[in-house]
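Only one structure is covered here, and it is reproduced in the block below.
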Amino acid sequence: CDPVGSNRLERPTIMASVATQSTALVQQRVAAKKVTRSARAVAPVRAAASNDAGSTRRQAVLSSIAAAGAALAPAGPALALSGFSVVKDTRKGFQFYYPVGWQEISVDGQDAVYKDVIEPLESAALNIYPTTRESLTEIGNPDEVAKTLVAKALATPNSQAKVLKTAQRKDKEGHLYYAFEYVTKTNSYERHALTIVTITQGQFYTLTAGSSERRWEKMGKRLQTVIDSFNVYY
């Protein structure tokens with residue numbers, strides 16, 4: 001199974017909003033992404049020190065969370081790291097690292113997806129949704145955001161999910177990011193993942209990187225680098 005293409009957060013109010021979210025906006029965004037995906041301002045480039053380098057339910061939940069939930073200023077470019085490539089999109093205003101050897105794939109409704117060609121559960125996926133909120137603090141604290149996203153959007157249907165820990169950080173300009181670690185388990189696989197979210201300029205960004213539980217000991221630190229490297233520009 002491959003979870004890449006699968007599927008406040010204001011307390012009780014947002015739950016009603018999530019439950020009644022129309023899929024019209026999601027369908028429009030998916031259609032728009034099909035048109036604009038090829039227009040990425042800056043194609044993925046390799047870091048200087050590199051060796052070489054879906055469901056509608058999920059989209060509706062994340063769109064609803066962002067709509068219920070952009071005032072981050074530009075972040076400086078990250079330093080190059082050996083063993084990683086970097087994708088930098090100046091039009092959409094984001095940057096993050098991914099392990100050398102991963103390939104970009106196209107997934108309808110997602111803004112950027114990179115994954116290992118052999119291990120199907122090893123991937124990094126970025127989604128961007130419109131929001132009227134100006135700060136993550138308006139949505140909730142890291143624990144609240146993590147629990148809601150994992151339960152309602154990031155875990156696949158009928159899976160067991162558990163948040164292991166949460167954190168927050170600010171970049172040198174003082175912009176806020178929430179990050180959390182969690183596991184999901186189904187009859188077919190068990191996945192260990194990290195997610196980071198932020199809000200800027202009317203956009204809710206969510207980047208998730210993960211692997212199978214079996215490979216977590218080997219991949220955990222590398223996936224943490226992916227999450228730690230994520231920055232927005234606007």
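Naming works like this for the structure tokens: A, B, ... for the chains as they're shown, residue 1 at the start of each chain, ligands 1 onward in shown order.
Every residue of stretch 143-185 of chain A found in alpha helix (DSSP H) when DSSP is run on the backbone appears here: Asp143, Glu144, Val145, Ala146, Lys147, Thr148 and Leu149 of chain A.
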Contact check, stretch 162-191 of chain A to stretch 128-151 of chain A, at most 12 Å, counting only C-alpha atoms, closest pairs as a tab-separated table:
```
residue	atom	partner	partner_atom	distance
A:Lys162	CA	A:Val150	CA	7.8
A:Val163	CA	A:Lys147	CA	6.6
A:Leu164	CA	A:Ala146	CA	9.7
A:Lys165	CA	A:Asp143	CA	8.1
A:Thr166	CA	A:Pro142	CA	6.1
A:Ala167	CA	A:Pro142	CA	6.5
A:Gln168	CA	A:Pro142	CA	6.8
A:Arg169	CA	A:Pro142	CA	10.4
A:Lys170	CA	A:Leu136	CA	11.7
A:Gly174	CA	A:Ser135	CA	11.9
A:His175	CA	A:Ser135	CA	9.2
A:Leu176	CA	A:Leu136	CA	7.3
A:Tyr177	CA	A:Leu136	CA	7.7
A:Tyr178	CA	A:Pro142	CA	5.7
A:Ala179	CA	A:Pro142	CA	7.3
A:Phe180	CA	A:Ala146	CA	6.3
A:Glu181	CA	A:Ala146	CA	8.5
A:Tyr182	CA	A:Val150	CA	7.8
A:Val183	CA	A:Val150	CA	9.1
A:Thr184	CA	A:Val150	CA	8.8
```
Shortest interatomic distance to A:Gly83 - which of A:Ile199, A:Val107, A:Leu194, A:Val226, counting only C-alpha atoms =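 Looking only at the distances to A:Gly83, the closest residue turns out to be A:Val226.
Across A:Thr198, A:Asn127, A:Asn231, A:Thr186, the tightest approach to A:Thr156 is made by A:Thr186 when counting only C-alpha atoms.
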